[in-house]
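What follows is the content of structure-v5.txt (compact mmCIF, C-alpha atoms).
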```
# COMPACT_ATOMS: atom_id res chain seq x y z
CA MET A 24 22.16 -46.95 13.15
CA THR A 25 21.60 -46.04 16.78
CA VAL A 26 19.93 -42.73 17.64
CA HIS A 27 20.74 -41.35 21.09
CA LEU A 28 17.40 -39.58 21.27
CA TYR A 29 16.66 -36.61 23.58
CA GLY A 30 20.15 -36.81 25.09
CA ARG A 31 20.12 -40.36 26.45
CA VAL A 32 22.69 -42.78 25.10
CA CYS A 33 21.38 -46.10 23.80
CA SER A 34 22.08 -49.36 25.57
CA MET A 35 25.02 -50.16 23.33
CA GLN A 36 26.24 -53.54 24.56
CA PRO A 37 23.38 -55.64 23.08
CA ILE A 38 23.52 -53.54 19.90
CA THR A 39 27.23 -54.14 19.38
CA GLU A 40 26.79 -57.83 20.19
CA VAL A 41 24.23 -58.19 17.40
CA ALA A 42 26.51 -56.22 15.05
CA LYS A 43 29.43 -58.53 15.75
CA ARG A 44 27.28 -61.63 15.32
CA TYR A 45 26.15 -60.55 11.84
CA ASN A 46 29.28 -58.62 10.82
CA LEU A 47 27.46 -55.28 10.75
CA LYS A 48 28.73 -51.75 11.12
CA VAL A 49 27.33 -49.56 13.92
CA ILE A 50 26.74 -45.91 13.12
CA GLU A 51 25.81 -43.55 15.96
CA ASP A 52 23.59 -40.51 15.66
CA VAL A 53 24.96 -38.25 18.40
CA ALA A 54 23.14 -35.09 17.33
CA GLN A 55 21.36 -34.86 20.70
CA ALA A 56 23.80 -36.57 23.05
CA GLN A 57 27.10 -34.72 22.90
CA GLY A 58 29.08 -35.57 26.02
CA ALA A 59 26.95 -38.51 27.17
CA LEU A 60 28.80 -41.51 28.60
CA TYR A 61 28.06 -45.22 28.31
CA ARG A 62 30.10 -47.30 30.76
CA GLY A 63 32.73 -44.59 30.83
CA VAL A 64 32.96 -44.18 27.04
CA ARG A 65 31.70 -41.08 25.23
CA ALA A 66 28.87 -41.29 22.77
CA GLY A 67 30.47 -41.04 19.35
CA HIS A 68 33.12 -43.62 20.25
CA LEU A 69 30.78 -46.56 20.79
CA GLY A 70 30.47 -47.74 17.19
CA ASP A 71 32.36 -47.71 13.91
CA ALA A 72 31.49 -44.10 13.13
CA ALA A 73 29.26 -41.33 14.43
CA GLY A 74 27.58 -38.19 13.19
CA PHE A 75 27.32 -35.02 15.28
CA SER A 76 25.15 -31.98 14.74
CA PHE A 77 26.28 -28.59 16.01
CA TYR A 78 23.08 -26.77 15.12
CA PRO A 79 22.83 -23.76 17.47
CA GLY A 80 20.17 -25.40 19.65
CA LYS A 81 22.22 -28.51 20.45
CA ASN A 82 24.03 -29.09 23.75
CA ILE A 83 27.12 -27.74 22.00
CA GLY A 84 26.07 -25.52 19.14
CA ALA A 85 27.86 -23.35 16.62
CA LEU A 86 26.75 -19.90 15.46
CA GLY A 87 25.11 -21.56 12.45
CA ASP A 88 24.78 -25.00 10.91
CA ALA A 89 27.76 -27.26 11.50
CA GLY A 90 28.52 -30.91 12.17
CA CYS A 91 31.21 -33.56 12.12
CA ILE A 92 31.86 -37.26 11.75
CA THR A 93 34.05 -39.25 14.13
CA THR A 94 35.65 -42.64 13.52
CA ASP A 95 38.79 -44.55 14.45
CA ASP A 96 38.87 -46.17 10.99
CA ALA A 97 41.67 -44.35 9.15
CA ALA A 98 40.46 -45.34 5.69
CA LEU A 99 36.92 -44.21 6.42
CA ALA A 100 38.21 -40.93 7.85
CA ASP A 101 40.17 -40.25 4.65
CA TYR A 102 37.11 -41.06 2.55
CA VAL A 103 34.88 -38.73 4.59
CA ARG A 104 37.39 -35.87 4.39
CA ALA A 105 37.54 -36.24 0.63
CA MET A 106 33.76 -36.58 0.26
CA SER A 107 33.21 -33.35 2.22
CA ASN A 108 35.70 -31.50 0.03
CA TYR A 109 34.30 -32.03 -3.48
CA GLY A 110 35.55 -35.62 -3.48
CA SER A 111 39.10 -34.32 -3.53
CA LYS A 112 42.16 -35.32 -1.53
CA GLU A 113 44.39 -33.10 -3.63
CA LYS A 114 43.31 -29.70 -4.91
CA TYR A 115 41.70 -29.79 -8.36
CA LEU A 116 41.80 -33.60 -8.47
CA ASN A 117 38.35 -35.11 -7.86
CA GLU A 118 38.39 -38.84 -7.14
CA MET A 119 34.62 -39.07 -6.58
CA LYS A 120 31.44 -37.04 -6.83
CA GLY A 121 31.73 -35.26 -3.53
CA LEU A 122 30.05 -32.48 -1.59
CA ASN A 123 30.97 -29.11 -0.19
CA SER A 124 30.49 -29.86 3.50
CA ARG A 125 33.45 -28.11 5.06
CA MET A 126 32.93 -26.35 8.38
CA ASP A 127 33.67 -22.63 8.40
CA GLU A 128 36.68 -21.69 10.54
CA ILE A 129 34.61 -19.32 12.67
CA GLN A 130 32.24 -22.16 13.56
CA ALA A 131 35.15 -24.40 14.51
CA ALA A 132 36.62 -21.65 16.69
CA VAL A 133 33.32 -21.15 18.54
CA LEU A 134 32.92 -24.89 19.05
CA CYS A 135 36.45 -25.24 20.44
CA LEU A 136 35.58 -22.67 23.10
CA LYS A 137 32.20 -24.22 23.89
CA LEU A 138 33.67 -27.72 24.09
CA LYS A 139 35.50 -26.70 27.27
CA ARG A 140 32.14 -25.99 28.91
CA LEU A 141 30.25 -29.01 27.61
CA ASP A 142 30.51 -31.18 30.72
CA ALA A 143 29.57 -28.29 33.02
CA ASP A 144 26.63 -27.32 30.83
CA ASN A 145 25.44 -30.93 30.68
CA GLU A 146 25.61 -31.16 34.46
CA ALA A 147 23.50 -28.01 34.71
CA ARG A 148 20.93 -29.66 32.43
CA ARG A 149 20.95 -32.72 34.70
CA GLN A 150 20.16 -30.51 37.68
CA VAL A 151 17.15 -29.05 35.87
CA ALA A 152 15.99 -32.56 34.95
CA LEU A 153 16.51 -33.68 38.56
CA ALA A 154 14.40 -30.80 39.84
CA TYR A 155 11.64 -31.62 37.35
CA GLY A 156 11.70 -35.28 38.36
CA LYS A 157 11.45 -34.47 42.05
CA GLY A 158 9.01 -31.60 41.75
CA ILE A 159 6.44 -32.59 39.11
CA SER A 160 3.75 -34.69 40.77
CA ASN A 161 0.74 -34.24 38.51
CA PRO A 162 -0.81 -37.70 37.82
CA LEU A 163 -1.80 -36.55 34.32
CA ILE A 164 1.86 -36.28 33.37
CA THR A 165 4.25 -39.15 32.67
CA LEU A 166 7.87 -38.24 33.34
CA PRO A 167 10.80 -39.66 31.35
CA GLN A 168 12.69 -42.63 32.71
CA VAL A 169 15.99 -41.74 34.37
CA PRO A 170 19.02 -43.97 33.74
CA SER A 171 20.73 -45.60 36.71
CA THR A 172 23.94 -43.80 35.69
CA ALA A 173 23.37 -40.05 35.45
CA GLU A 174 26.06 -39.53 32.80
CA GLU A 175 24.09 -41.62 30.28
CA ASN A 176 21.71 -38.70 29.70
CA VAL A 177 22.68 -35.12 28.86
CA TRP A 178 19.02 -34.00 28.61
CA HIS A 179 19.06 -32.24 25.26
CA VAL A 180 15.27 -32.46 25.63
CA TYR A 181 13.12 -33.09 28.70
CA PRO A 182 10.17 -35.04 27.22
CA ILE A 183 7.02 -35.59 29.23
CA ARG A 184 3.88 -37.37 28.04
CA THR A 185 0.23 -36.61 28.62
CA PRO A 186 -2.95 -37.78 26.85
CA GLU A 187 -4.11 -34.18 26.32
CA ARG A 188 -0.81 -32.88 24.98
CA ASP A 189 -2.22 -30.03 22.88
CA HIS A 190 -4.43 -28.83 25.73
CA LEU A 191 -1.49 -28.80 28.14
CA ARG A 192 0.70 -27.00 25.62
CA GLU A 193 -1.93 -24.31 25.12
CA TYR A 194 -2.32 -23.92 28.88
CA LEU A 195 1.43 -23.51 29.39
CA SER A 196 1.62 -21.02 26.54
CA ARG A 197 -1.09 -18.89 28.16
CA VAL A 198 0.94 -18.68 31.36
CA GLY A 199 4.10 -17.75 29.45
CA ILE A 200 5.90 -21.12 29.32
CA GLU A 201 7.10 -22.18 25.89
CA THR A 202 7.19 -25.85 24.95
CA MET A 203 8.02 -27.93 21.88
CA VAL A 204 6.78 -31.17 20.37
CA HIS A 205 9.46 -33.71 19.41
CA TYR A 206 8.12 -35.06 17.06
CA PRO A 207 4.45 -34.71 16.01
CA VAL A 208 4.43 -37.15 13.06
CA PRO A 209 5.95 -40.65 13.30
CA PRO A 210 8.23 -41.72 10.43
CA HIS A 211 5.78 -44.24 8.96
CA ARG A 212 3.17 -41.49 8.66
CA GLN A 213 5.45 -39.13 6.75
CA GLN A 214 4.74 -38.52 3.07
CA ALA A 215 8.35 -39.41 2.32
CA TYR A 216 7.65 -42.97 3.49
CA SER A 217 4.16 -43.34 2.06
CA GLU A 218 4.90 -46.98 1.23
CA TRP A 219 4.63 -47.63 4.98
CA SER A 220 1.36 -45.75 5.48
CA ASN A 221 -0.66 -48.94 5.81
CA LEU A 222 1.43 -50.12 8.77
CA SER A 223 0.49 -49.59 12.39
CA PHE A 224 2.90 -49.06 15.28
CA PRO A 225 0.57 -48.20 18.17
CA ILE A 226 3.25 -47.59 20.81
CA SER A 227 5.17 -45.23 18.56
CA GLU A 228 1.99 -43.48 17.46
CA ARG A 229 0.93 -42.95 21.07
CA ILE A 230 4.30 -41.47 21.99
CA HIS A 231 4.10 -39.06 19.07
CA ARG A 232 0.58 -38.02 20.16
CA GLU A 233 1.53 -37.46 23.79
CA GLU A 234 5.11 -36.12 23.84
CA LEU A 235 5.77 -32.55 25.02
CA SER A 236 9.21 -31.05 25.65
CA LEU A 237 9.60 -28.77 28.64
CA PRO A 238 12.07 -25.87 28.82
CA ILE A 239 15.56 -27.08 29.71
CA SER A 240 18.79 -25.15 29.47
CA PRO A 241 22.04 -24.79 31.42
CA VAL A 242 21.19 -21.11 32.00
CA MET A 243 17.77 -21.66 33.58
CA THR A 244 17.49 -20.23 37.08
CA GLU A 245 16.00 -22.08 40.05
CA GLN A 246 13.08 -19.66 39.98
CA GLU A 247 12.37 -20.41 36.31
CA VAL A 248 12.50 -24.15 36.92
CA GLN A 249 10.19 -23.84 39.91
CA ARG A 250 7.73 -21.79 37.89
CA VAL A 251 7.47 -24.60 35.31
CA ILE A 252 6.97 -27.16 38.08
CA GLU A 253 4.22 -25.13 39.75
CA ALA A 254 2.41 -24.58 36.46
CA LEU A 255 2.46 -28.30 35.67
CA ASN A 256 1.28 -29.30 39.13
CA ALA A 257 -1.58 -26.79 38.91
CA TYR A 258 -2.71 -28.15 35.55
CA ASN A 259 -5.89 -30.13 35.08
CA ILE A 260 -7.98 -30.86 32.02
CA GLU A 261 -9.99 -27.67 32.63
CA ALA A 262 -7.04 -25.61 33.78
CA SER A 263 -6.77 -21.91 33.10
CA PRO A 264 -4.05 -19.36 33.91
CA ASP A 265 -6.11 -18.35 36.95
CA ALA A 266 -5.28 -21.73 38.44
CA LEU A 267 -1.87 -20.32 39.33
```
Entire entry expressed as structure tokens:
Amino acid sequence: MTVHLYGRVCSMQPITEVAKRYNLKVIEDVAQAQGALYRGVRAGHLGDAAGFSFYPGKNIGALGDAGCITTDDAALADYVRAMSNYGSKEKYLNEMKGLNSRMDEIQAAVLCLKLKRLDADNEARRQVALAYGKGISNPLITLPQVPSTAEENVWHVYPIRTPERDHLREYLSRVGIETMVHYPVPPHRQQAYSEWSNLSFPISERIHREELSLPISPVMTEQEVQRVIEALNAYNIEASPDAL
């Protein structure tokens, strides 16, 4: 399972080569990368099947929870449709123990309208990311790597890293800039995977300690973006709002 995290599509060629070598299926998690392209192909069409989230905060979001699965495998598509509808292909006939995972019509209607704007909204996100990359020059802050092909990242999240993440977040909050942490606890430290608690993954653990997500949205103005940049460049380990 490949996870196109933060909006950037995975490097799929080596993944699919390994899958073919060992006769594996490739499932994409496209919850954060709707509209991203890999060598001209959309995320969600790079493996055997893909899952999309249309939670309201995603690059294309519904009015409430929604999602979909895409595949070009006809048999799998039929199975998924039945599974999402009580395990039924024909009304009142249940072939399997299914779920009630049907999308409401109003959500589908909203998504159909938003889909027309997806590429334009993603391009607006890229412009915000570009401005951050050019404007943020604070040596205490590590910026995300930018792919050589711009379309490979739709910037669902703009993740920076800094050793004093919590201090920086508090500083930004005091000057009126909201941030998020994606994600504070690594999987092997979650209670749900307590059997892994004795393992150590220092690179992953460091990323989880240092990651901070800056504001990014297709509706951000140039003035709002510049304000974030100025606040970050003014930051130091003893920074206060007066520094601005």
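Using all atoms listed in the file, the nearest neighbour of Val53 (chain A) within the list A:His68, A:Arg104, A:His205, A:Arg197 is A:His68.
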Which residue, A:Pro182, A:Pro79, A:Pro238, A:Gly121, has the smallest gap to Gln168 (chain A) when you use all atoms listed in the file?
A:Pro182
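Across the structure, CA of Arg149 (chain A) and CA of Pro210 (chain A) are spaced 28.8 Å apart.
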Can you find the residues with an atom no farther than 12 Å from (3.8, -32.5, 14.6), counting all atoms listed in the file, and report them as a PyMOL selection string?
chain A and resi 188-189+203-210+212-213+228+230-235
Hey, can you spit out that residue selection with C-alpha atoms as a PDB file, in the frame of the given file?
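Below is the file again11.pdb, written as the result:
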```
ATOM      1  CA  ARG A 188      -0.810 -32.880  24.980  1.00  0.00           C
ATOM      2  CA  ASP A 189      -2.220 -30.030  22.880  1.00  0.00           C
ATOM      3  CA  MET A 203       8.020 -27.930  21.880  1.00  0.00           C
ATOM      4  CA  VAL A 204       6.780 -31.170  20.370  1.00  0.00           C
ATOM      5  CA  HIS A 205       9.460 -33.710  19.410  1.00  0.00           C
ATOM      6  CA  TYR A 206       8.120 -35.060  17.060  1.00  0.00           C
ATOM      7  CA  PRO A 207       4.450 -34.710  16.010  1.00  0.00           C
ATOM      8  CA  VAL A 208       4.430 -37.150  13.060  1.00  0.00           C
ATOM      9  CA  PRO A 209       5.950 -40.650  13.300  1.00  0.00           C
ATOM     10  CA  PRO A 210       8.230 -41.720  10.430  1.00  0.00           C
ATOM     11  CA  ARG A 212       3.170 -41.490   8.660  1.00  0.00           C
ATOM     12  CA  GLN A 213       5.450 -39.130   6.750  1.00  0.00           C
ATOM     13  CA  GLU A 228       1.990 -43.480  17.460  1.00  0.00           C
ATOM     14  CA  ILE A 230       4.300 -41.470  21.990  1.00  0.00           C
ATOM     15  CA  HIS A 231       4.100 -39.060  19.070  1.00  0.00           C
ATOM     16  CA  ARG A 232       0.580 -38.020  20.160  1.00  0.00           C
ATOM     17  CA  GLU A 233       1.530 -37.460  23.790  1.00  0.00           C
ATOM     18  CA  GLU A 234       5.110 -36.120  23.840  1.00  0.00           C
ATOM     19  CA  LEU A 235       5.770 -32.550  25.020  1.00  0.00           C
TER      20      LEU A 235
END
```
Please provide the set of residues having any atom within 8 Å of Asn145 (chain A), restricted to all atoms listed in the file, with same-chain residues fewer than 6 positions apart removed, written as a VMD selection string.
chain A and resid 58 82 177 to 178 241
Between CA of Cys135 (chain A) and CA of Ala73 (chain A) - distance in Å to one decimal:
18.6 Å
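Proximity to His27 (chain A) at 7 Å, evaluated using all atoms listed in the file and with sequence-adjacent residues fewer than 3 positions away removed, yields Gly30, Arg31, Val32, Cys33, Asp52, Val53, Gln55 and Ala56 of chain A.
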Which centre and which edge lengths, in Å to one decimal, describe the axis-aligned box that holds all listed atoms of region 95-106 of chain A after 3 Å is added on each side, as lines of an AutoDock Vina configuration file?
```
center_x = 37.7
center_y = -41.0
center_z = 7.4
size_x = 13.9
size_y = 16.3
size_z = 20.2
```
In the coordinate frame of the file, compute which residues have an atom within 6 Å of (25.6, -27.1, 15.5) when using all atoms listed in the file, and state them as a VMD selection string.
chain A and resid 76 to 79 84 to 85 88 to 90
Min atom-atom distance to Lys137 (chain A) from the set A:Ile252, A:Leu86, A:Ile38, A:Ile239, counting only C-alpha atoms, belongs to A:Leu86
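Put simply, CA of Asp96 (chain A) is 23.2 Å away from CA of Leu138 (chain A).
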May I ask you to restore all heavy atoms in region 150-161 of chain A and write the result as a PDB file, in the coordinates of the input?
```pdb
ATOM      1  N   GLN A 150      20.762 -31.075  36.477  1.00  0.00           N
ATOM      2  CA  GLN A 150      20.160 -30.510  37.680  1.00  0.00           C
ATOM      3  C   GLN A 150      18.746 -30.021  37.417  1.00  0.00           C
ATOM      4  O   GLN A 150      17.862 -30.158  38.270  1.00  0.00           O
ATOM      5  CB  GLN A 150      21.047 -29.375  38.215  1.00  0.00           C
ATOM      6  CG  GLN A 150      22.392 -29.833  38.745  1.00  0.00           C
ATOM      7  CD  GLN A 150      22.266 -30.924  39.800  1.00  0.00           C
ATOM      8  OE1 GLN A 150      21.512 -30.781  40.760  1.00  0.00           O
ATOM      9  NE2 GLN A 150      22.996 -32.017  39.619  1.00  0.00           N
ATOM     10  N   VAL A 151      18.515 -29.454  36.231  1.00  0.00           N
ATOM     11  CA  VAL A 151      17.150 -29.050  35.870  1.00  0.00           C
ATOM     12  C   VAL A 151      16.259 -30.285  35.768  1.00  0.00           C
ATOM     13  O   VAL A 151      15.139 -30.315  36.295  1.00  0.00           O
ATOM     14  CB  VAL A 151      17.138 -28.269  34.540  1.00  0.00           C
ATOM     15  CG1 VAL A 151      15.697 -27.956  34.117  1.00  0.00           C
ATOM     16  CG2 VAL A 151      17.938 -26.978  34.656  1.00  0.00           C
ATOM     17  N   ALA A 152      16.754 -31.323  35.092  1.00  0.00           N
ATOM     18  CA  ALA A 152      15.990 -32.560  34.950  1.00  0.00           C
ATOM     19  C   ALA A 152      15.703 -33.189  36.316  1.00  0.00           C
ATOM     20  O   ALA A 152      14.603 -33.712  36.562  1.00  0.00           O
ATOM     21  CB  ALA A 152      16.738 -33.546  34.059  1.00  0.00           C
ATOM     22  N   LEU A 153      16.689 -33.138  37.212  1.00  0.00           N
ATOM     23  CA  LEU A 153      16.510 -33.680  38.560  1.00  0.00           C
ATOM     24  C   LEU A 153      15.418 -32.931  39.304  1.00  0.00           C
ATOM     25  O   LEU A 153      14.567 -33.538  39.975  1.00  0.00           O
ATOM     26  CB  LEU A 153      17.834 -33.610  39.323  1.00  0.00           C
ATOM     27  CG  LEU A 153      17.833 -34.171  40.745  1.00  0.00           C
ATOM     28  CD1 LEU A 153      17.557 -35.672  40.719  1.00  0.00           C
ATOM     29  CD2 LEU A 153      19.178 -33.894  41.425  1.00  0.00           C
ATOM     30  N   ALA A 154      15.423 -31.609  39.178  1.00  0.00           N
ATOM     31  CA  ALA A 154      14.400 -30.800  39.840  1.00  0.00           C
ATOM     32  C   ALA A 154      13.017 -31.109  39.276  1.00  0.00           C
ATOM     33  O   ALA A 154      12.036 -31.229  40.034  1.00  0.00           O
ATOM     34  CB  ALA A 154      14.723 -29.315  39.668  1.00  0.00           C
ATOM     35  N   TYR A 155      12.917 -31.244  37.953  1.00  0.00           N
ATOM     36  CA  TYR A 155      11.640 -31.620  37.350  1.00  0.00           C
ATOM     37  C   TYR A 155      11.165 -32.973  37.895  1.00  0.00           C
ATOM     38  O   TYR A 155      10.004 -33.159  38.245  1.00  0.00           O
ATOM     39  CB  TYR A 155      11.768 -31.711  35.834  1.00  0.00           C
ATOM     40  CG  TYR A 155      11.762 -30.390  35.095  1.00  0.00           C
ATOM     41  CD1 TYR A 155      12.287 -30.299  33.804  1.00  0.00           C
ATOM     42  CD2 TYR A 155      11.213 -29.238  35.649  1.00  0.00           C
ATOM     43  CE1 TYR A 155      12.271 -29.105  33.091  1.00  0.00           C
ATOM     44  CE2 TYR A 155      11.199 -28.037  34.963  1.00  0.00           C
ATOM     45  CZ  TYR A 155      11.726 -27.980  33.675  1.00  0.00           C
ATOM     46  OH  TYR A 155      11.702 -26.792  32.979  1.00  0.00           O
ATOM     47  N   GLY A 156      12.069 -33.938  37.924  1.00  0.00           N
ATOM     48  CA  GLY A 156      11.700 -35.280  38.360  1.00  0.00           C
ATOM     49  C   GLY A 156      11.221 -35.319  39.800  1.00  0.00           C
ATOM     50  O   GLY A 156      10.305 -36.077  40.141  1.00  0.00           O
ATOM     51  N   LYS A 157      11.833 -34.509  40.644  1.00  0.00           N
ATOM     52  CA  LYS A 157      11.450 -34.470  42.050  1.00  0.00           C
ATOM     53  C   LYS A 157      10.200 -33.628  42.285  1.00  0.00           C
ATOM     54  O   LYS A 157       9.402 -33.905  43.184  1.00  0.00           O
ATOM     55  CB  LYS A 157      12.600 -33.924  42.902  1.00  0.00           C
ATOM     56  CG  LYS A 157      13.787 -34.856  43.039  1.00  0.00           C
ATOM     57  CD  LYS A 157      14.848 -34.244  43.943  1.00  0.00           C
ATOM     58  CE  LYS A 157      16.007 -35.211  44.174  1.00  0.00           C
ATOM     59  NZ  LYS A 157      17.051 -34.610  45.056  1.00  0.00           N
ATOM     60  N   GLY A 158      10.052 -32.573  41.464  1.00  0.00           N
ATOM     61  CA  GLY A 158       9.010 -31.600  41.750  1.00  0.00           C
ATOM     62  C   GLY A 158       7.682 -31.828  41.066  1.00  0.00           C
ATOM     63  O   GLY A 158       6.630 -31.478  41.599  1.00  0.00           O
ATOM     64  N   ILE A 159       7.682 -32.411  39.861  1.00  0.00           N
ATOM     65  CA  ILE A 159       6.440 -32.590  39.110  1.00  0.00           C
ATOM     66  C   ILE A 159       5.704 -33.817  39.641  1.00  0.00           C
ATOM     67  O   ILE A 159       6.215 -34.936  39.580  1.00  0.00           O
ATOM     68  CB  ILE A 159       6.712 -32.730  37.606  1.00  0.00           C
ATOM     69  CG1 ILE A 159       7.384 -31.460  37.065  1.00  0.00           C
ATOM     70  CG2 ILE A 159       5.419 -32.993  36.844  1.00  0.00           C
ATOM     71  CD1 ILE A 159       7.891 -31.589  35.643  1.00  0.00           C
ATOM     72  N   SER A 160       4.501 -33.594  40.140  1.00  0.00           N
ATOM     73  CA  SER A 160       3.750 -34.690  40.770  1.00  0.00           C
ATOM     74  C   SER A 160       2.353 -34.845  40.207  1.00  0.00           C
ATOM     75  O   SER A 160       1.538 -35.570  40.770  1.00  0.00           O
ATOM     76  CB  SER A 160       3.669 -34.449  42.285  1.00  0.00           C
ATOM     77  OG  SER A 160       3.058 -33.188  42.564  1.00  0.00           O
ATOM     78  N   ASN A 161       2.068 -34.187  39.097  1.00  0.00           N
ATOM     79  CA  ASN A 161       0.740 -34.240  38.510  1.00  0.00           C
ATOM     80  C   ASN A 161       0.492 -35.636  37.913  1.00  0.00           C
ATOM     81  O   ASN A 161       1.258 -36.086  37.050  1.00  0.00           O
ATOM     82  CB  ASN A 161       0.618 -33.176  37.415  1.00  0.00           C
ATOM     83  CG  ASN A 161      -0.805 -32.963  36.946  1.00  0.00           C
ATOM     84  OD1 ASN A 161      -1.577 -33.904  36.842  1.00  0.00           O
ATOM     85  ND2 ASN A 161      -1.149 -31.732  36.643  1.00  0.00           N
TER      86      ASN A 161
END
```
